[in-house]
Amino acid sequence: MSLKQQTWILTGASRGIGRAVALELAHAGANLVLGARNPQALEAVAQECRALGVQAKSVAGDAALDQTAQFLVKAAKVIGNFAGFIHNAGVLHPGPTLWELSEAQFDEVFGANVKAAFQLARYAYPNLIRRGGGVAVFVGSGAAKRNVAGWGAYGAAKAAEHYLAAQLALEEPRITCFVYSPGPVDTDMQRQGREAPGPIATMFQGFKEQGHLLSPEQSARALVRLLQTDPHRFHGKIATYNDA
Ligand SMILES: NC(=O)C1=CN([C@@H]2O[C@H](COP(=O)(O)OP(=O)(O)OC[C@H]3O[C@@H](n4cnc5c(N)ncnc54)[C@H](O)[C@@H]3O)[C@@H](O)[C@H]2O)C=CC1
Ligand SMILES: O=C(O)c1cccc(O)c1O
């Protein structure tokens with residue numbers, strides 16, 4: 001499927017995998033509504049996208065909030081031809097054991113990875129359904145299925161995010177919905193892992209030293225290729241970097 005002239009919402013677009021996906025979508029001719037917390041960094045990415053000849057609007061805000069999702073969807077409707085969303089925003093907070101994590105950190109992890117997924121679905125689904133369909137992608141993680149000391153809230157949140165994606169796929173067959181597991185990607189999130197307190201830092205340092213990390217561009221290209229080549233085959237499933 002050609003993404004040209006389609007409008008896509010993408011969260012977590014200010015850096016890392018999200019920034020790379022934004023640029024890759026822009027290269028494919030898609031118009032964009034970009035979300036993230038940092039307005040300056042986000043607008044800089046929107047500008048890079050516009051330089052590639054597409055429309056790109058930045059909507060800064062906490063994706064866990066009702067209002068942010070509402071603004072993102074409104075902006076997509078204004079551009080027109082709203083085709084789908086990619087919920088990529090996420091927070092890890094690596095290091096502390098689950099019982100050491102502060103309540104604020106726990107809320108931040110569940111807010112970005114889980115609540116934000118719900119908020120986007122709440123506002124985007126009715127619009128996409130009215131248009132006859134669309135695509136919903138949730139950037140998930142192997143962490144959903146693997147306990148590692150020092151990322152407890154994150155793994156639980158990713159498991160919940162995967163569940164929500166499967167739930168949406170079950171409840172609304174008209175909207176193609178799947179999880180994209182991006183592989184280990186060299187971003188700020190990985191750097192936070194290497195700098196984390198406790199033994200988890202050793203694992204993250206190993207990824208980097210052993211050359212296991214993909215570039216954000218590699219992972220982004222894979223996702224956009226999946227969107228261009230029959231994404232419905234992943235409905236209700238987990239697509240990985242290797243599937244492209
Ligand atoms: N980097 C990796 O190795 C892996 C990353 N992932 C997932 O990929 C996604 C992107 O990760 P990275 O690019 O590595 O992370 P990153 O930390 O470099 O970027 C995260 C992005 O999410 C945004 N964000 C975080 N919380 C937000 C909130 N509450 N509201 C709005 N925006 C928010 C940030 O502003 C930023 O744009 C995340 O969902 C992450 O869990 C999954 C597996 C591996
Ligand atoms: O699997 C991983 O190693 C990993 C690392 C950082 C973030 C993630 O989501 C991961 O799945």
# chains A, B, ... in the order shown; residues from 1 in each chain; ligands from 1

call {"tool": "closest_atom_pairs", "arguments": {"of": "chain A", "to": "ligand 1", "cutoff": "7 Å", "atoms": "only C-alpha atoms and all ligand atoms", "output": "JSON lines"}}
result
{"residue": "A:Thr11", "atom": "CA", "partner": "ligand 1", "partner_atom_place_in_ligand_line": "32 (N)", "distance": 6.0}
{"residue": "A:Gly12", "atom": "CA", "partner": "ligand 1", "partner_atom_place_in_ligand_line": "37 (O)", "distance": 3.4}
{"residue": "A:Ala13", "atom": "CA", "partner": "ligand 1", "partner_atom_place_in_ligand_line": "37 (O)", "distance": 4.7}
{"residue": "A:Ser14", "atom": "CA", "partner": "ligand 1", "partner_atom_place_in_ligand_line": "37 (O)", "distance": 4.1}
{"residue": "A:Arg15", "atom": "CA", "partner": "ligand 1", "partner_atom_place_in_ligand_line": "37 (O)", "distance": 4.8}
{"residue": "A:Gly16", "atom": "CA", "partner": "ligand 1", "partner_atom_place_in_ligand_line": "13 (O)", "distance": 3.6}
{"residue": "A:Ile17", "atom": "CA", "partner": "ligand 1", "partner_atom_place_in_ligand_line": "13 (O)", "distance": 3.8}
{"residue": "A:Gly18", "atom": "CA", "partner": "ligand 1", "partner_atom_place_in_ligand_line": "13 (O)", "distance": 5.6}
{"residue": "A:Gly35", "atom": "CA", "partner": "ligand 1", "partner_atom_place_in_ligand_line": "31 (C)", "distance": 6.2}
{"residue": "A:Ala36", "atom": "CA", "partner": "ligand 1", "partner_atom_place_in_ligand_line": "32 (N)", "distance": 3.7}
{"residue": "A:Arg37", "atom": "CA", "partner": "ligand 1", "partner_atom_place_in_ligand_line": "35 (O)", "distance": 4.6}
{"residue": "A:Asn38", "atom": "CA", "partner": "ligand 1", "partner_atom_place_in_ligand_line": "35 (O)", "distance": 5.9}
{"residue": "A:Gly61", "atom": "CA", "partner": "ligand 1", "partner_atom_place_in_ligand_line": "31 (C)", "distance": 5.8}
{"residue": "A:Asp62", "atom": "CA", "partner": "ligand 1", "partner_atom_place_in_ligand_line": "30 (N)", "distance": 3.6}
{"residue": "A:Ala63", "atom": "CA", "partner": "ligand 1", "partner_atom_place_in_ligand_line": "30 (N)", "distance": 3.7}
{"residue": "A:Ala64", "atom": "CA", "partner": "ligand 1", "partner_atom_place_in_ligand_line": "29 (N)", "distance": 5.6}
{"residue": "A:Asn88", "atom": "CA", "partner": "ligand 1", "partner_atom_place_in_ligand_line": "39 (O)", "distance": 4.5}
{"residue": "A:Ala89", "atom": "CA", "partner": "ligand 1", "partner_atom_place_in_ligand_line": "22 (O)", "distance": 3.5}
{"residue": "A:Gly90", "atom": "CA", "partner": "ligand 1", "partner_atom_place_in_ligand_line": "39 (O)", "distance": 3.7}
{"residue": "A:Val91", "atom": "CA", "partner": "ligand 1", "partner_atom_place_in_ligand_line": "25 (C)", "distance": 5.2}
{"residue": "A:Leu92", "atom": "CA", "partner": "ligand 1", "partner_atom_place_in_ligand_line": "41 (O)", "distance": 6.6}
{"residue": "A:Glu108", "atom": "CA", "partner": "ligand 1", "partner_atom_place_in_ligand_line": "29 (N)", "distance": 6.5}
{"residue": "A:Gly111", "atom": "CA", "partner": "ligand 1", "partner_atom_place_in_ligand_line": "29 (N)", "distance": 5.9}
{"residue": "A:Ala112", "atom": "CA", "partner": "ligand 1", "partner_atom_place_in_ligand_line": "29 (N)", "distance": 4.0}
{"residue": "A:Asn113", "atom": "CA", "partner": "ligand 1", "partner_atom_place_in_ligand_line": "39 (O)", "distance": 6.3}
{"residue": "A:Val139", "atom": "CA", "partner": "ligand 1", "partner_atom_place_in_ligand_line": "39 (O)", "distance": 5.1}
{"residue": "A:Gly140", "atom": "CA", "partner": "ligand 1", "partner_atom_place_in_ligand_line": "42 (C)", "distance": 5.4}
{"residue": "A:Ser141", "atom": "CA", "partner": "ligand 1", "partner_atom_place_in_ligand_line": "43 (C)", "distance": 4.3}
{"residue": "A:Gly142", "atom": "CA", "partner": "ligand 1", "partner_atom_place_in_ligand_line": "43 (C)", "distance": 6.5}
{"residue": "A:Ser181", "atom": "CA", "partner": "ligand 1", "partner_atom_place_in_ligand_line": "42 (C)", "distance": 6.0}
{"residue": "A:Pro182", "atom": "CA", "partner": "ligand 1", "partner_atom_place_in_ligand_line": "43 (C)", "distance": 5.4}
{"residue": "A:Gly183", "atom": "CA", "partner": "ligand 1", "partner_atom_place_in_ligand_line": "44 (C)", "distance": 5.2}
{"residue": "A:Pro184", "atom": "CA", "partner": "ligand 1", "partner_atom_place_in_ligand_line": "3 (O)", "distance": 3.5}
{"residue": "A:Val185", "atom": "CA", "partner": "ligand 1", "partner_atom_place_in_ligand_line": "3 (O)", "distance": 3.9}
{"residue": "A:Asp186", "atom": "CA", "partner": "ligand 1", "partner_atom_place_in_ligand_line": "1 (N)", "distance": 5.8}
{"residue": "A:Thr187", "atom": "CA", "partner": "ligand 1", "partner_atom_place_in_ligand_line": "18 (O)", "distance": 4.7}
{"residue": "A:Asp188", "atom": "CA", "partner": "ligand 1", "partner_atom_place_in_ligand_line": "18 (O)", "distance": 4.1}
{"residue": "A:Met189", "atom": "CA", "partner": "ligand 1", "partner_atom_place_in_ligand_line": "17 (O)", "distance": 4.1}
{"residue": "A:Gln190", "atom": "CA", "partner": "ligand 1", "partner_atom_place_in_ligand_line": "1 (N)", "distance": 5.4}

call {"tool": "write_last_selection", "arguments": {"atoms": "N, CA, C and O atoms", "output": "compact mmCIF listing (two decimals), in the first residue's frame"}}
result
# COMPACT_ATOMS: atom_id res chain seq x y z
N THR A 11 3.56 9.00 17.86
CA THR A 11 3.96 9.52 19.17
C THR A 11 5.45 9.22 19.43
O THR A 11 6.02 8.31 18.82
N GLY A 12 6.04 9.99 20.31
CA GLY A 12 7.46 9.79 20.64
C GLY A 12 8.36 10.12 19.47
O GLY A 12 9.38 9.49 19.24
N ALA A 13 7.98 11.15 18.72
CA ALA A 13 8.65 11.44 17.45
C ALA A 13 9.85 12.37 17.58
O ALA A 13 10.51 12.68 16.60
N SER A 14 10.16 12.84 18.80
CA SER A 14 11.21 13.85 18.94
C SER A 14 12.62 13.29 18.83
O SER A 14 13.56 14.03 18.59
N ARG A 15 12.77 11.99 19.01
CA ARG A 15 14.13 11.41 18.98
C ARG A 15 14.03 9.90 18.76
O ARG A 15 12.93 9.33 18.71
N GLY A 16 15.20 9.28 18.67
CA GLY A 16 15.28 7.81 18.64
C GLY A 16 14.50 7.18 17.49
O GLY A 16 14.52 7.68 16.35
N ILE A 17 13.83 6.09 17.80
CA ILE A 17 13.10 5.34 16.78
C ILE A 17 12.00 6.22 16.18
O ILE A 17 11.78 6.22 14.96
N GLY A 18 11.31 6.99 17.03
CA GLY A 18 10.20 7.81 16.55
C GLY A 18 10.64 8.83 15.52
O GLY A 18 9.99 8.98 14.47
N GLY A 35 3.83 13.64 17.85
CA GLY A 35 3.70 13.90 19.28
C GLY A 35 4.97 13.56 20.03
O GLY A 35 5.73 12.69 19.61
N ALA A 36 5.23 14.28 21.12
CA ALA A 36 6.31 14.00 22.08
C ALA A 36 6.19 15.05 23.18
O ALA A 36 5.37 15.98 23.07
N ARG A 37 7.03 14.92 24.21
CA ARG A 37 6.91 15.87 25.31
C ARG A 37 7.65 17.17 25.06
O ARG A 37 7.19 18.24 25.43
N ASN A 38 8.82 17.09 24.44
CA ASN A 38 9.68 18.27 24.26
C ASN A 38 9.29 19.04 22.99
O ASN A 38 9.56 18.60 21.88
N GLY A 61 3.03 17.31 24.13
CA GLY A 61 2.23 17.05 25.32
C GLY A 61 2.45 15.63 25.82
O GLY A 61 3.00 14.79 25.09
N ASP A 62 2.01 15.39 27.03
CA ASP A 62 2.10 14.05 27.62
C ASP A 62 1.05 13.16 26.95
O ASP A 62 -0.15 13.43 27.06
N ALA A 63 1.52 12.12 26.28
CA ALA A 63 0.61 11.26 25.51
C ALA A 63 -0.37 10.50 26.41
O ALA A 63 -1.36 9.96 25.92
N ALA A 64 -0.12 10.47 27.71
CA ALA A 64 -1.04 9.78 28.61
C ALA A 64 -2.30 10.59 28.88
O ALA A 64 -3.28 10.07 29.40
N ASN A 88 4.49 5.05 19.55
CA ASN A 88 5.90 4.70 19.75
C ASN A 88 6.45 5.26 21.06
O ASN A 88 7.46 4.77 21.57
N ALA A 89 5.81 6.27 21.63
CA ALA A 89 6.32 6.87 22.88
C ALA A 89 6.45 5.78 23.94
O ALA A 89 5.58 4.90 24.07
N GLY A 90 7.52 5.85 24.71
CA GLY A 90 7.72 4.87 25.77
C GLY A 90 8.76 5.35 26.75
O GLY A 90 9.59 6.21 26.43
N VAL A 91 8.67 4.84 27.97
CA VAL A 91 9.63 5.18 29.03
C VAL A 91 10.05 3.88 29.72
O VAL A 91 9.21 3.01 29.96
N LEU A 92 11.35 3.75 30.02
CA LEU A 92 11.90 2.52 30.60
C LEU A 92 12.20 2.62 32.10
O LEU A 92 11.86 1.73 32.86
N GLU A 108 4.88 7.11 35.32
CA GLU A 108 5.41 7.60 34.05
C GLU A 108 5.54 6.45 33.05
O GLU A 108 5.21 6.59 31.87
N GLY A 111 2.11 5.39 32.13
CA GLY A 111 1.46 6.47 31.38
C GLY A 111 1.88 6.47 29.92
O GLY A 111 1.04 6.51 29.02
N ALA A 112 3.19 6.43 29.68
CA ALA A 112 3.70 6.53 28.31
C ALA A 112 3.42 5.26 27.50
O ALA A 112 3.06 5.33 26.33
N ASN A 113 3.59 4.11 28.12
CA ASN A 113 3.48 2.87 27.36
C ASN A 113 2.04 2.34 27.27
O ASN A 113 1.69 1.73 26.27
N VAL A 139 4.29 0.18 19.29
CA VAL A 139 5.70 -0.24 19.36
C VAL A 139 5.91 -0.94 20.70
O VAL A 139 5.88 -0.31 21.77
N GLY A 140 6.05 -2.24 20.63
CA GLY A 140 6.16 -3.07 21.82
C GLY A 140 7.58 -3.51 22.05
O GLY A 140 8.53 -2.85 21.61
N SER A 141 7.74 -4.64 22.73
CA SER A 141 9.09 -5.04 23.11
C SER A 141 9.13 -6.49 23.56
O SER A 141 8.15 -7.01 24.11
N GLY A 142 10.29 -7.10 23.36
CA GLY A 142 10.54 -8.42 23.92
C GLY A 142 10.45 -8.40 25.44
O GLY A 142 10.25 -9.44 26.07
N SER A 181 7.77 -4.89 17.20
CA SER A 181 8.89 -5.05 18.13
C SER A 181 10.16 -4.64 17.40
O SER A 181 10.58 -5.31 16.46
N PRO A 182 10.75 -3.50 17.78
CA PRO A 182 11.75 -2.86 16.91
C PRO A 182 13.15 -3.45 16.96
O PRO A 182 14.01 -3.05 16.18
N GLY A 183 13.38 -4.43 17.86
CA GLY A 183 14.74 -4.93 18.05
C GLY A 183 15.51 -3.98 18.95
O GLY A 183 15.01 -2.91 19.30
N PRO A 184 16.72 -4.36 19.37
CA PRO A 184 17.52 -3.45 20.21
C PRO A 184 18.10 -2.32 19.37
O PRO A 184 18.84 -2.56 18.43
N VAL A 185 17.71 -1.09 19.68
CA VAL A 185 18.04 0.05 18.82
C VAL A 185 18.84 1.09 19.61
O VAL A 185 18.52 1.40 20.77
N ASP A 186 19.85 1.61 18.96
CA ASP A 186 20.79 2.55 19.60
C ASP A 186 20.14 3.92 19.78
O ASP A 186 20.21 4.77 18.88
N THR A 187 19.49 4.12 20.92
CA THR A 187 18.77 5.37 21.21
C THR A 187 19.09 5.82 22.64
O THR A 187 19.83 5.15 23.37
N ASP A 188 18.46 6.93 23.03
CA ASP A 188 18.61 7.42 24.41
C ASP A 188 18.16 6.36 25.42
O ASP A 188 18.72 6.25 26.51
N MET A 189 17.14 5.60 25.05
CA MET A 189 16.65 4.57 25.97
C MET A 189 17.75 3.53 26.27
O MET A 189 17.93 3.12 27.41
N GLN A 190 18.49 3.14 25.25
CA GLN A 190 19.60 2.21 25.45
C GLN A 190 20.71 2.86 26.28
O GLN A 190 21.32 2.22 27.13

call {"tool": "residues_around", "arguments": {"residues": "segment 157-171 of chain A", "least_positions_apart": "4", "cutoff": "12 Å", "atoms": "only C-alpha atoms", "output": "PyMOL selection string"}}
result
chain A and resi 86-93+106-122+124-125+134-147+151-153+175-181+232-239

call {"tool": "select_by_dssp", "arguments": {"residues": "segment 85-239 of chain A", "states": "helix (DSSP H, G or I)", "output": "ChimeraX atom specification"}}
result
/A:103-130,142-145,152-171,188-194,200-209,216-228,231-234

call {"tool": "closest_atom_pairs", "arguments": {"of": "segment 79-148 of chain A", "to": "segment 199-222 of chain A", "cutoff": "8 Å", "atoms": "only C-alpha atoms", "output": "Markdown table"}}
result
| residue | atom | partner | partner_atom | distance |
| --- | --- | --- | --- | --- |
| A:Pro94 | CA | A:Ile200 | CA | 7.3 |
| A:Gly95 | CA | A:Ile200 | CA | 6.1 |
| A:Val148 | CA | A:Ile200 | CA | 7.8 |

call {"tool": "write_last_selection", "arguments": {"atoms": "all heavy atoms", "output": "compact mmCIF listing (two decimals), in the first residue's frame"}}
result
# COMPACT_ATOMS: atom_id res chain seq x y z
N PRO A 94 15.23 2.28 33.73
CA PRO A 94 15.99 1.08 34.07
C PRO A 94 16.76 1.23 35.38
O PRO A 94 17.17 2.34 35.73
CB PRO A 94 16.97 0.97 32.90
CG PRO A 94 17.19 2.39 32.47
CD PRO A 94 15.87 3.08 32.68
N GLY A 95 16.96 0.14 36.07
CA GLY A 95 17.83 0.13 37.24
C GLY A 95 17.18 -0.36 38.51
O GLY A 95 17.48 -1.45 39.00
N VAL A 148 13.53 -9.18 33.51
CA VAL A 148 14.94 -8.83 33.72
C VAL A 148 15.00 -7.96 34.97
O VAL A 148 14.20 -7.02 35.11
CB VAL A 148 15.51 -8.07 32.49
CG1 VAL A 148 16.89 -7.49 32.79
CG2 VAL A 148 15.59 -8.99 31.27

call {"tool": "atom_distance", "arguments": {"atom1": "atom 6 (C, counted along the ligand's line) of ligand 2", "atom2": "atom CA of Trp99 of chain A"}}
result
20.0 Å
